[in-house]
$ cat my_file_11.cif   # mmCIF, C-alpha atoms and all ligand atoms
data_query
loop_
_atom_site.label_atom_id
_atom_site.label_comp_id
_atom_site.auth_asym_id
_atom_site.auth_seq_id
_atom_site.Cartn_x
_atom_site.Cartn_y
_atom_site.Cartn_z
CA MET O 535 48.40 -60.20 41.88
CA SER O 536 49.15 -57.18 44.03
CA ILE O 537 51.58 -54.43 43.20
CA LYS O 538 53.77 -55.72 46.01
CA GLN O 539 54.18 -59.02 44.22
CA LEU O 540 54.97 -57.18 41.00
CA ASP O 541 57.35 -54.83 42.70
CA ALA O 542 60.51 -56.91 42.81
CA PRO O 543 60.78 -58.46 39.35
CA ASP O 544 59.08 -55.73 37.42
CA ALA O 545 60.22 -52.46 38.95
CA SER O 546 60.87 -51.36 35.38
CA ILE O 547 57.18 -51.45 34.52
CA ILE O 548 55.94 -50.24 37.92
CA ASP O 549 57.81 -46.99 37.34
CA ARG O 550 56.52 -46.63 33.77
CA TRP O 551 53.44 -44.91 32.46
CA HIS O 552 50.67 -47.10 31.08
CA PRO O 553 47.89 -45.85 28.76
CA ALA O 554 44.76 -46.42 30.82
CA LEU O 555 41.96 -44.74 28.87
CA PRO O 556 41.28 -42.21 26.10
CA SER O 557 40.91 -38.81 27.78
CA GLU O 558 37.54 -38.22 26.15
CA ARG O 559 36.10 -41.33 27.78
CA LEU O 560 36.48 -39.97 31.29
CA GLY O 561 33.74 -37.53 32.18
CA ALA O 562 31.41 -37.29 35.15
CA GLU O 563 31.05 -41.07 35.45
CA PRO O 564 33.88 -43.07 37.09
CA VAL O 565 35.56 -45.72 34.98
CA SER O 566 37.17 -48.95 36.14
CA VAL O 567 40.23 -50.23 34.31
CA GLU O 568 42.57 -53.09 35.06
CA VAL O 569 46.25 -52.20 34.93
CA LEU O 570 48.91 -54.87 35.57
CA SER O 571 46.28 -57.04 37.26
CA VAL O 572 45.27 -54.21 39.60
CA LYS O 573 41.76 -52.73 39.46
CA VAL O 574 41.96 -48.96 39.17
CA ALA O 575 39.10 -46.44 39.40
CA LEU O 576 39.45 -43.30 37.32
CA PHE O 577 37.58 -40.11 38.15
CA ARG O 578 37.54 -36.63 36.73
CA ILE O 579 37.88 -34.15 39.58
CA LYS O 580 38.16 -30.41 38.82
CA GLY O 581 38.95 -31.41 35.26
CA GLU O 582 41.90 -33.58 36.30
CA ALA O 583 42.08 -37.33 35.88
CA VAL O 584 42.47 -38.96 39.29
CA ALA O 585 43.25 -42.65 39.83
CA PHE O 586 42.40 -44.64 42.96
CA ARG O 587 42.78 -48.28 43.74
CA ASP O 588 39.27 -49.49 42.93
CA LEU O 589 38.48 -50.63 46.45
CA CYS O 590 36.80 -48.85 49.31
CA ILE O 591 38.81 -49.59 52.44
CA HIS O 592 35.62 -49.97 54.52
CA ARG O 593 34.04 -53.09 53.00
CA GLY O 594 35.82 -53.60 49.71
CA VAL O 595 33.26 -52.18 47.31
CA PRO O 596 34.69 -50.84 44.02
CA LEU O 597 34.76 -47.06 44.20
CA SER O 598 34.14 -46.98 40.45
CA LEU O 599 30.52 -47.87 41.36
CA GLY O 600 30.32 -44.61 43.31
CA ARG O 601 30.09 -41.04 42.11
CA VAL O 602 31.92 -37.75 42.19
CA GLU O 603 30.13 -35.18 44.33
CA GLU O 604 31.58 -31.74 44.96
CA ASP O 605 35.05 -32.84 43.87
CA ARG O 606 34.98 -35.85 46.18
CA VAL O 607 34.43 -39.53 45.58
CA VAL O 608 31.48 -41.06 47.40
CA CYS O 609 31.35 -44.83 47.95
CA PRO O 610 27.96 -46.31 47.00
CA TYR O 611 27.74 -48.63 50.02
CA HIS O 612 27.91 -46.50 53.20
CA GLY O 613 28.78 -43.13 51.70
CA TRP O 614 32.36 -42.85 52.89
CA THR O 615 33.72 -39.86 51.01
CA TYR O 616 37.29 -39.42 49.77
CA ASP O 617 39.10 -36.30 48.59
CA ALA O 618 41.23 -36.26 45.44
CA CYS O 619 44.29 -37.28 47.49
CA GLY O 620 42.50 -40.44 48.65
CA ALA O 621 41.91 -39.31 52.25
CA CYS O 622 38.54 -40.16 53.74
CA VAL O 623 36.92 -36.88 54.73
CA ARG O 624 33.43 -38.04 55.66
CA ILE O 625 31.94 -41.14 57.29
CA PRO O 626 28.18 -40.54 57.40
CA ALA O 627 27.52 -43.20 60.08
CA GLN O 628 30.01 -41.66 62.48
CA PRO O 629 28.70 -39.19 65.13
CA ALA O 630 29.46 -35.57 64.26
CA GLY O 631 32.76 -34.30 65.67
CA LYS O 632 34.35 -37.75 65.90
CA ALA O 633 37.76 -37.84 64.18
CA ILE O 634 38.15 -39.86 61.02
CA PRO O 635 40.83 -42.54 61.46
CA GLU O 636 44.19 -41.70 59.84
CA LYS O 637 44.17 -45.06 58.12
CA ALA O 638 40.93 -44.29 56.31
CA ARG O 639 42.40 -43.59 52.89
CA VAL O 640 42.65 -45.30 49.55
CA THR O 641 45.79 -45.76 47.50
CA THR O 642 46.10 -43.20 44.72
CA TYR O 643 48.24 -43.37 41.59
CA ARG O 644 49.90 -40.78 39.40
CA THR O 645 48.12 -39.76 36.22
CA VAL O 646 48.97 -37.54 33.30
CA GLU O 647 47.27 -36.85 29.96
CA GLN O 648 49.23 -36.96 26.73
CA GLU O 649 48.40 -37.72 23.10
CA GLY O 650 44.69 -37.98 23.93
CA LEU O 651 45.26 -40.68 26.54
CA ILE O 652 45.21 -40.85 30.32
CA TRP O 653 48.43 -42.50 31.49
CA ILE O 654 48.83 -44.02 34.91
CA SER O 655 51.86 -45.09 36.89
CA PHE O 656 52.09 -47.11 40.09
CA GLY O 657 55.61 -45.92 40.77
CA GLN O 658 57.86 -42.94 40.29
CA PRO O 659 58.34 -42.32 36.59
CA ASP O 660 61.37 -40.23 35.72
CA GLY O 661 59.68 -38.18 33.00
CA PRO O 662 56.54 -37.84 30.88
CA PRO O 663 55.00 -40.94 29.26
CA LEU O 664 56.46 -40.16 25.85
CA SER O 665 59.12 -37.96 24.39
CA LEU O 666 57.86 -37.49 20.88
CA PRO O 667 58.67 -34.70 18.44
CA ALA O 668 56.16 -31.82 18.34
CA PHE O 669 54.67 -32.96 15.01
CA ASP O 670 53.92 -29.36 14.05
CA GLY O 671 51.54 -29.23 11.12
CA PHE O 672 50.63 -32.89 11.48
CA ARG O 673 47.10 -34.25 11.73
CA LYS O 674 46.73 -36.54 14.70
CA VAL O 675 44.10 -39.29 15.01
CA LEU O 676 43.53 -41.43 18.08
CA CYS O 677 42.15 -44.74 16.85
CA ALA O 678 39.74 -47.02 18.67
CA PRO O 679 41.12 -49.00 21.60
CA TYR O 680 41.89 -52.55 20.49
CA GLU O 681 41.37 -55.40 22.93
CA VAL O 682 43.71 -58.31 22.38
CA GLN O 683 43.68 -61.55 24.35
CA ALA O 684 47.45 -61.71 24.35
CA ALA O 685 50.47 -60.65 26.36
CA ALA O 686 51.59 -57.04 25.86
CA PRO O 687 55.13 -58.02 24.78
CA ARG O 688 53.65 -60.28 22.09
CA VAL O 689 51.51 -57.40 20.84
CA ILE O 690 54.47 -55.00 20.74
CA GLU O 691 56.73 -57.53 19.09
CA ASN O 692 54.18 -58.03 16.33
CA PHE O 693 54.17 -54.26 15.79
CA LEU O 694 57.96 -54.39 15.33
CA ASP O 695 57.84 -57.36 12.96
CA VAL O 696 58.51 -56.10 9.45
CA SER O 697 58.40 -59.46 7.65
CA HIS O 698 54.76 -60.12 8.56
CA LEU O 699 53.53 -57.12 6.56
CA MET O 700 53.53 -59.03 3.25
CA PHE O 701 51.49 -61.90 4.63
CA VAL O 702 49.19 -60.79 7.43
CA HIS O 703 48.52 -57.51 5.59
CA GLU O 704 48.85 -58.85 2.05
CA GLY O 705 47.69 -56.38 -0.59
CA LEU O 706 47.77 -53.55 1.94
CA LEU O 707 51.07 -53.14 3.77
CA GLY O 708 52.98 -55.65 1.71
CA ASP O 709 53.18 -57.96 -1.27
CA PRO O 710 54.38 -61.59 -0.85
CA ALA O 711 56.24 -61.19 -4.16
CA SER O 712 58.36 -58.44 -2.52
CA ALA O 713 58.93 -60.10 0.83
CA GLU O 714 62.70 -59.87 1.05
CA ILE O 715 63.94 -57.68 3.87
CA HIS O 716 67.30 -56.03 3.38
CA GLU O 717 69.73 -56.12 6.24
CA TYR O 718 69.13 -53.54 8.92
CA ARG O 719 70.36 -52.96 12.43
CA MET O 720 68.85 -51.85 15.70
CA HIS O 721 70.54 -49.13 17.72
CA ARG O 722 70.28 -48.07 21.34
CA THR O 723 69.76 -44.34 21.67
CA GLU O 724 68.33 -42.01 24.29
CA GLU O 725 64.92 -42.55 22.67
CA GLY O 726 65.17 -46.30 23.20
CA LEU O 727 65.77 -48.88 20.47
CA VAL O 728 65.80 -47.44 16.97
CA SER O 729 66.03 -49.32 13.67
CA ASP O 730 67.80 -48.33 10.49
CA GLU O 731 65.52 -47.46 7.60
CA ILE O 732 63.83 -50.53 6.15
CA GLU O 733 62.32 -50.35 2.66
CA VAL O 734 58.98 -52.02 2.10
CA TYR O 735 56.77 -51.93 -0.97
CA GLN O 736 53.19 -51.30 0.13
CA PRO O 737 50.25 -51.73 -2.27
CA ASP O 738 48.04 -49.60 0.01
CA ALA O 739 50.22 -48.01 2.66
CA ASP O 740 47.69 -46.01 4.63
CA GLY O 741 44.16 -46.72 3.44
CA THR O 742 44.18 -44.14 0.64
CA GLY O 743 44.77 -46.89 -1.93
CA LYS O 744 48.12 -45.64 -3.18
CA GLY O 745 51.00 -48.09 -3.76
CA VAL O 746 54.33 -46.74 -2.51
CA THR O 747 57.73 -47.91 -1.37
CA ASN O 748 58.07 -46.72 2.19
CA ARG O 749 61.09 -46.40 4.41
CA TYR O 750 60.24 -47.63 7.88
CA VAL O 751 61.98 -46.63 11.08
CA TYR O 752 60.89 -48.44 14.24
CA LYS O 753 61.46 -47.06 17.72
CA VAL O 754 60.85 -48.93 20.94
CA LEU O 755 59.99 -46.22 23.46
CA GLY O 756 59.32 -48.41 26.48
CA PRO O 757 58.58 -52.04 27.35
CA PHE O 758 55.04 -51.69 25.96
CA ALA O 759 55.25 -48.64 23.72
CA ALA O 760 56.67 -48.22 20.24
CA PHE O 761 56.57 -45.82 17.36
CA LEU O 762 56.99 -46.23 13.65
CA GLU O 763 57.66 -43.61 11.09
CA LYS O 764 57.39 -44.22 7.39
CA ARG O 765 58.42 -41.97 4.57
CA ASP O 766 57.53 -42.39 0.95
CA SER O 767 60.85 -43.14 -0.80
CA ALA O 768 59.74 -41.01 -3.75
CA ASP O 769 58.54 -38.17 -1.55
CA PRO O 770 60.37 -38.29 1.81
CA ASP O 771 58.69 -35.13 3.09
CA HIS O 772 55.44 -37.12 3.40
CA VAL O 773 55.62 -38.61 6.85
CA PHE O 774 53.27 -41.10 8.47
CA GLY O 775 53.83 -41.81 12.15
CA LEU O 776 52.15 -44.36 14.36
CA LEU O 777 52.38 -44.45 18.12
CA PHE O 778 51.45 -47.86 19.46
CA ALA O 779 51.11 -48.22 23.21
CA VAL O 780 49.77 -51.27 24.96
CA LEU O 781 48.05 -51.44 28.31
CA PRO O 782 48.66 -54.81 29.96
CA HIS O 783 45.43 -55.55 31.86
CA ALA O 784 46.73 -58.95 32.90
CA GLU O 785 49.60 -61.08 31.70
CA LYS O 786 47.66 -62.41 28.70
CA ARG O 787 45.11 -59.66 28.16
CA SER O 788 45.87 -56.23 26.74
CA THR O 789 44.42 -53.17 25.09
CA ALA O 790 46.39 -51.49 22.35
CA TYR O 791 46.13 -47.78 21.57
CA ALA O 792 47.20 -46.33 18.24
CA VAL O 793 47.73 -42.68 17.40
CA ILE O 794 48.34 -41.80 13.76
CA TYR O 795 50.26 -38.69 12.67
CA ARG O 796 50.44 -37.50 9.08
CA ASN O 797 51.54 -34.32 7.32
CA TYR O 798 49.89 -35.07 3.97
CA ALA O 799 46.39 -35.88 2.68
CA LEU O 800 45.08 -33.35 5.17
CA ASP O 801 41.83 -33.06 3.19
CA THR O 802 41.20 -36.79 3.42
CA PRO O 803 38.84 -37.58 6.31
CA ASP O 804 40.59 -38.91 9.41
CA SER O 805 38.13 -41.80 9.40
CA VAL O 806 39.85 -43.24 6.29
CA PHE O 807 43.07 -43.65 8.26
CA ALA O 808 41.39 -44.79 11.47
CA GLU O 809 39.25 -47.41 9.74
CA PHE O 810 42.28 -48.71 7.87
CA GLN O 811 44.06 -49.07 11.21
CA ASP O 812 41.05 -50.97 12.60
CA LYS O 813 41.33 -53.42 9.72
CA LEU O 814 45.09 -53.91 10.15
CA ILE O 815 44.88 -54.45 13.87
CA GLU O 816 42.08 -56.95 13.44
CA GLN O 817 44.37 -58.90 11.07
CA ASP O 818 47.15 -58.73 13.66
CA ARG O 819 44.85 -59.70 16.53
CA VAL O 820 43.96 -63.05 14.95
CA ILE O 821 47.64 -63.95 14.58
CA VAL O 822 48.86 -62.66 17.95
CA GLU O 823 46.05 -64.40 19.85
CA SER O 824 47.04 -67.67 18.17
CA GLN O 825 50.69 -67.60 19.21
CA THR O 826 52.25 -70.18 21.51
CA PRO O 827 53.72 -69.77 24.03
CA GLU O 828 51.43 -66.99 25.08
CA LEU O 829 54.14 -65.29 27.11
CA LEU O 830 56.97 -63.87 24.99
CA PRO O 831 60.05 -66.08 25.35
CA LEU O 832 63.03 -63.89 26.24
CA ASP O 833 65.48 -66.75 25.86
CA LEU O 834 66.68 -66.33 22.28
CA GLN O 835 67.25 -70.08 22.00
CA ALA O 836 63.51 -70.66 22.39
CA GLU O 837 62.51 -69.70 18.84
CA LEU O 838 64.32 -69.36 15.52
CA HIS O 839 65.44 -65.90 14.47
CA LEU O 840 66.58 -64.50 11.13
CA VAL O 841 68.42 -61.31 10.28
CA SER O 842 65.03 -59.87 9.31
CA ASP O 843 63.92 -60.39 12.94
CA ARG O 844 66.52 -58.00 14.33
CA ALA O 845 63.91 -55.68 15.83
CA SER O 846 62.31 -58.58 17.71
CA ILE O 847 65.67 -59.89 18.87
CA ALA O 848 66.73 -56.47 20.17
CA TYR O 849 63.35 -56.03 21.86
CA ARG O 850 63.58 -59.38 23.64
CA GLN O 851 67.15 -58.70 24.75
CA TRP O 852 66.18 -55.30 26.05
CA LEU O 853 63.18 -56.64 28.01
CA LYS O 854 65.45 -59.23 29.56
CA GLU O 855 68.00 -56.62 30.61
CA LEU O 856 65.27 -54.44 32.10
CA GLY O 857 63.97 -57.43 34.03
CA VAL O 858 60.47 -57.29 32.55
CA SER O 859 58.65 -60.50 33.33
CA PHE O 860 55.03 -59.39 32.98
CA GLY O 861 53.80 -61.07 29.80
CA ALA O 862 57.18 -62.63 29.15
CA GLU O 863 58.98 -65.75 30.25
FE1 LIG F 901 32.55 -48.15 51.01
FE2 LIG F 901 31.32 -49.03 53.19
S1 LIG F 901 32.18 -50.16 51.58
S2 LIG F 901 31.55 -47.02 52.53
FE FE F 902 50.60 -56.01 11.60
#
$ encode --input "my_file_11.cif" --output "C-alpha cells"
Amino acid sequence: MSIKQLDAPDASIIDRWHPALPSERLGAEPVSVEVLSVKVALFRIKGEAVAFRDLCIHRGVPLSLGRVEEDRVVCPYHGWTYDACGACVRIPAQPAGKAIPEKARVTTYRTVEQEGLIWISFGQPDGPPLSLPAFDGFRKVLCAPYEVQAAAPRVIENFLDVSHLMFVHEGLLGDPASAEIHEYRMHRTEEGLVSDEIEVYQPDADGTGKGVTNRYVYKVLGPFAAFLEKRDSADPDHVFGLLFAVLPHAEKRSTAYAVIYRNYALDTPDSVFAEFQDKLIEQDRVIVESQTPELLPLDLQAELHLVSDRASIAYRQWLKELGVSFGAE
C-alpha cells in the first residue's frame, strides 16, 4: 500500500508521529523499518536521524543496503549518491559536468527524537510526538521493542483494558479474587482521552514483589500511543508511569515500545523493571495475537461491552471520529 492510498482515509495517522526505532540502534549502519506498510530507510547523518523512502529511484534497490559516506547516502548498485534532503548529487556513470536530472531525488520524511526513540511522520504533524510532563527526578527506562503479530489498535486497546489485569497477569498485576472494577469515566481533554482513577489490587505491581493497591489513570495520547500512571493508594507520592507507543508496520503487524518512569526504588536496578515489563508484554502478546477479528471493530454493536470497558469504548469511538481505518474495521 502506498502513502497515496493511505492518504484519504487515514490522514489522521499520516500526520502523526510513529515510533520507528530506539535512538541507540541507529549508528553508522542504515536501518530499514516498515511504517504503515511503507519501507523506510533510516540513516544517521551529522548526528541527526534522517528518513528516506527505502528505494533508490534508479533501479529500485533499497537504500538501506547502501552506506553513509561523507554525510551522503550511497546506493550499493550504481553508486548514485543522495544528500540528507534526498537530492541526488552524484551519478558516477554520468560524464563529468553533465547536470543531474531534477527528478533524481528520493522521498524524505520528517524525524524527531524523543524519549529515546526516533519518531517518523509522513505528513505535517502539528507538534512534537508527545506532550508528557518533565518527570523531573524520575528514572526512565526504555524497554525492549516488542513485536506483536496484531493490529496496532488491538495492541493499544489491550493496554487500556483494566479488567484483564487479574487474569492475563494473575498474581502480578491483579488477583482474580479482586476482579471487580468500580465505575469510572473517560474524559476528553487537551491531552487526549483520560480516565478517572481506577483502583486495582496488585500482588506484584512492578516486579519488586510488593503487593499494593494502585490507582490507575489511563491516557490515550494518539491513535497508537497511550500512557498510564499508577500511584500507590497508601503512598500517592510514589508514581509509576508507562508510555506505550505502537508502530504499525502493516495492518496486522506491529512493534510496541514501552518507556517506564518511576520516582521510587531508585536503587533497584532498572533491569528489574524492564524484565518485568518483558514478562507482562509476553503474556499480553499471546492474548492479542489470538483475537478475532484481527482488525479492531469500531462498530460498538460488534462486540459486547461492560461499564468496566469504558476505556475501550471511548478509544473505539475516538478512532472512528478521527477516521482511523489502519488496523481497524
Ligand atoms: Fe541505486 Fe542504480 S539502483 S544507483
Ligand atoms: Fe496486559
$ closest_atom_pairs --input "my_file_11.cif" --of "segment 773-795 of chain O" --to "segment 652-666 of chain O" --cutoff "12 Å" --atoms "all atoms listed in the file" --output "CSV"
residue,atom,partner,partner_atom,distance
O:Gly775,CA,O:Leu666,CA,10.5
O:Leu776,CA,O:Leu666,CA,11.1
O:Leu777,CA,O:Leu666,CA,9.3
O:Phe778,CA,O:Leu664,CA,11.2
O:Ala779,CA,O:Leu664,CA,10.0
O:Val780,CA,O:Trp653,CA,11.0
O:Leu781,CA,O:Trp653,CA,9.5
O:Pro782,CA,O:Ile654,CA,11.9
O:Tyr791,CA,O:Ile652,CA,11.2
O:Val793,CA,O:Leu666,CA,11.9
O:Tyr795,CA,O:Leu666,CA,11.3
$ residues_near_ligand --input "my_file_11.cif" --ligand "ligand FE 902 (chain F)" --cutoff "8 Å" --atoms "all atoms listed in the file" --output "ChimeraX atom specification"
/O:692-693,695,698-699,702-703,814-815,817-818
$ axis_aligned_box --input "my_file_11.cif" --around "ligand LIG 901 (chain F)" --padding-each-side "3 Å" --output "lines of an AutoDock Vina configuration file"
center_x = 31.9
center_y = -48.6
center_z = 52.1
size_x = 7.2
size_y = 9.1
size_z = 8.2
$ closest_atom_pairs --input "my_file_11.cif" --of "chain O" --to "ligand LIG 901 (chain F)" --cutoff "9 Å" --atoms "all atoms listed in the file" --output "JSON lines"
{"residue": "O:Leu589", "atom": "CA", "partner": "F:LIG901", "partner_atom": "FE1", "distance": 7.9}
{"residue": "O:Cys590", "atom": "CA", "partner": "F:LIG901", "partner_atom": "FE1", "distance": 4.6}
{"residue": "O:Ile591", "atom": "CA", "partner": "F:LIG901", "partner_atom": "FE1", "distance": 6.6}
{"residue": "O:His592", "atom": "CA", "partner": "F:LIG901", "partner_atom": "S1", "distance": 4.5}
{"residue": "O:Arg593", "atom": "CA", "partner": "F:LIG901", "partner_atom": "S1", "distance": 3.7}
{"residue": "O:Gly594", "atom": "CA", "partner": "F:LIG901", "partner_atom": "S1", "distance": 5.3}
{"residue": "O:Val595", "atom": "CA", "partner": "F:LIG901", "partner_atom": "S1", "distance": 4.8}
{"residue": "O:Pro596", "atom": "CA", "partner": "F:LIG901", "partner_atom": "FE1", "distance": 7.8}
{"residue": "O:Leu597", "atom": "CA", "partner": "F:LIG901", "partner_atom": "FE1", "distance": 7.2}
{"residue": "O:Gly600", "atom": "CA", "partner": "F:LIG901", "partner_atom": "FE1", "distance": 8.8}
{"residue": "O:Val608", "atom": "CA", "partner": "F:LIG901", "partner_atom": "S2", "distance": 7.9}
{"residue": "O:Cys609", "atom": "CA", "partner": "F:LIG901", "partner_atom": "FE1", "distance": 4.7}
{"residue": "O:Pro610", "atom": "CA", "partner": "F:LIG901", "partner_atom": "FE1", "distance": 6.4}
{"residue": "O:Tyr611", "atom": "CA", "partner": "F:LIG901", "partner_atom": "FE2", "distance": 4.8}
{"residue": "O:His612", "atom": "CA", "partner": "F:LIG901", "partner_atom": "S2", "distance": 3.7}
{"residue": "O:Gly613", "atom": "CA", "partner": "F:LIG901", "partner_atom": "S2", "distance": 4.8}
{"residue": "O:Trp614", "atom": "CA", "partner": "F:LIG901", "partner_atom": "S2", "distance": 4.3}
{"residue": "O:Thr615", "atom": "CA", "partner": "F:LIG901", "partner_atom": "S2", "distance": 7.6}
{"residue": "O:Ile625", "atom": "CA", "partner": "F:LIG901", "partner_atom": "S2", "distance": 7.6}
{"residue": "O:Pro626", "atom": "CA", "partner": "F:LIG901", "partner_atom": "S2", "distance": 8.8}
$ write_last_selection --input "my_file_11.cif" --atoms "C-alpha atoms" --output "PDB file, keeping the file's coordinate frame"
ATOM      1  CA  LEU O 589      38.480 -50.630  46.450  1.00  0.00           C
ATOM      2  CA  CYS O 590      36.800 -48.850  49.310  1.00  0.00           C
ATOM      3  CA  ILE O 591      38.810 -49.590  52.440  1.00  0.00           C
ATOM      4  CA  HIS O 592      35.620 -49.970  54.520  1.00  0.00           C
ATOM      5  CA  ARG O 593      34.040 -53.090  53.000  1.00  0.00           C
ATOM      6  CA  GLY O 594      35.820 -53.600  49.710  1.00  0.00           C
ATOM      7  CA  VAL O 595      33.260 -52.180  47.310  1.00  0.00           C
ATOM      8  CA  PRO O 596      34.690 -50.840  44.020  1.00  0.00           C
ATOM      9  CA  LEU O 597      34.760 -47.060  44.200  1.00  0.00           C
ATOM     10  CA  GLY O 600      30.320 -44.610  43.310  1.00  0.00           C
ATOM     11  CA  VAL O 608      31.480 -41.060  47.400  1.00  0.00           C
ATOM     12  CA  CYS O 609      31.350 -44.830  47.950  1.00  0.00           C
ATOM     13  CA  PRO O 610      27.960 -46.310  47.000  1.00  0.00           C
ATOM     14  CA  TYR O 611      27.740 -48.630  50.020  1.00  0.00           C
ATOM     15  CA  HIS O 612      27.910 -46.500  53.200  1.00  0.00           C
ATOM     16  CA  GLY O 613      28.780 -43.130  51.700  1.00  0.00           C
ATOM     17  CA  TRP O 614      32.360 -42.850  52.890  1.00  0.00           C
ATOM     18  CA  THR O 615      33.720 -39.860  51.010  1.00  0.00           C
ATOM     19  CA  ILE O 625      31.940 -41.140  57.290  1.00  0.00           C
ATOM     20  CA  PRO O 626      28.180 -40.540  57.400  1.00  0.00           C
TER      21      PRO O 626
END
$ atom_distance --input "my_file_11.cif" --atom1 "atom CA of Leu576 of chain O" --atom2 "atom CA of Glu603 of chain O"
14.2 Å
$ atom_distance --input "my_file_11.cif" --atom1 "atom CA of Ser557 of chain O" --atom2 "atom CA of Tyr798 of chain O"
25.7 Å
$ residues_near_point --input "my_file_11.cif" --point "(59.9, -38.9, 0.9)" --cutoff "12 Å" --atoms "only C-alpha atoms" --output "PyMOL selection string"
chain O and resi 733+746-750+763-774+797-798
$ residues_near_point --input "my_file_11.cif" --point "(67.1, -58.3, 6.1)" --cutoff "12 Å" --atoms "all atoms listed in the file" --output "PyMOL selection string"
chain O and resi 695-697+713-720+729-734+839-845
$ residues_around --input "my_file_11.cif" --residues "Ser566 of chain O" --least-positions-apart "5" --cutoff "8 Å" --atoms "all atoms listed in the file" --output "NGL selection string"
:O and (573-576 or 588 or 598)
$ residues_around --input "my_file_11.cif" --residues "Ala790 of chain O" --least-positions-apart "5" --cutoff "12 Å" --atoms "all atoms listed in the file" --output "VMD selection string"
chain O and resid 552 to 556 651 676 to 690 692 to 693 758 to 760 777 to 783 811 to 812 815 to 816 818 to 819
$ atom_distance --input "my_file_11.cif" --atom1 "atom CA of Ala585 of chain O" --atom2 "atom CA of Thr641 of chain O"
8.7 Å
$ closest_residue --input "my_file_11.cif" --among "O:Ala545, O:Arg601, O:Pro710, O:Ala618" --to "Lys580 of chain O" --atoms "all atoms listed in the file"
O:Ala618
$ closest_residue --input "my_file_11.cif" --among "O:Lys753, O:Arg644, O:Lys744, O:Arg624" --to "Arg722 of chain O" --atoms "all atoms listed in the file"
O:Lys753
$ closest_residue --input "my_file_11.cif" --among "O:Glu724, O:Phe577, O:Gln851, O:Glu636" --to "Gln835 of chain O" --atoms "all atoms listed in the file"
O:Gln851
$ residues_around --input "my_file_11.cif" --residues "Pro803 of chain O" --least-positions-apart "3" --cutoff "12 Å" --atoms "only C-alpha atoms" --output "ChimeraX atom specification"
/O:673-675,741-742,796,798-800,806-810
$ closest_residue --input "my_file_11.cif" --among "O:Arg587, O:Ile548, O:Leu829, O:Val602" --to "Gly561 of chain O" --atoms "all atoms listed in the file"
O:Val602
$ build_atoms --input "my_file_11.cif" --residues "segment 727-731 of chain O" --atoms "all heavy atoms" --output "CSV table (one decimal), keeping the file's coordinate frame"
chain,number,residue,atom,x,y,z
O,727,LEU,N,65.2,-48.1,21.6
O,727,LEU,CA,65.8,-48.9,20.5
O,727,LEU,C,65.3,-48.3,19.2
O,727,LEU,O,64.1,-48.0,19.0
O,727,LEU,CB,65.3,-50.3,20.5
O,727,LEU,CG,65.7,-51.1,21.8
O,727,LEU,CD1,64.9,-52.5,21.8
O,727,LEU,CD2,67.2,-51.4,21.7
O,728,VAL,N,66.2,-48.1,18.2
O,728,VAL,CA,65.8,-47.4,17.0
O,728,VAL,C,66.4,-48.3,15.8
O,728,VAL,O,67.5,-48.7,15.9
O,728,VAL,CB,66.3,-46.0,16.9
O,728,VAL,CG1,65.9,-45.3,15.6
O,728,VAL,CG2,65.8,-45.2,18.1
O,729,SER,N,65.5,-48.5,14.8
O,729,SER,CA,66.0,-49.3,13.7
O,729,SER,C,66.6,-48.4,12.6
O,729,SER,O,66.3,-47.2,12.6
O,729,SER,CB,64.9,-50.1,13.1
O,729,SER,OG,64.0,-49.3,12.3
O,730,ASP,N,67.4,-49.0,11.7
O,730,ASP,CA,67.8,-48.3,10.5
O,730,ASP,C,66.5,-48.2,9.6
O,730,ASP,O,65.5,-48.8,10.0
O,730,ASP,CB,68.8,-49.2,9.7
O,730,ASP,CG,70.2,-49.2,10.3
O,730,ASP,OD1,70.5,-48.3,11.0
O,730,ASP,OD2,70.9,-50.2,10.1
O,731,GLU,N,66.7,-47.5,8.5
O,731,GLU,CA,65.5,-47.5,7.6
O,731,GLU,C,65.4,-48.8,6.9
O,731,GLU,O,66.3,-49.4,6.5
O,731,GLU,CB,65.8,-46.4,6.5
O,731,GLU,CG,65.6,-45.0,7.1
O,731,GLU,CD,65.7,-44.0,6.0
O,731,GLU,OE1,66.2,-44.2,4.9
O,731,GLU,OE2,65.1,-42.9,6.2
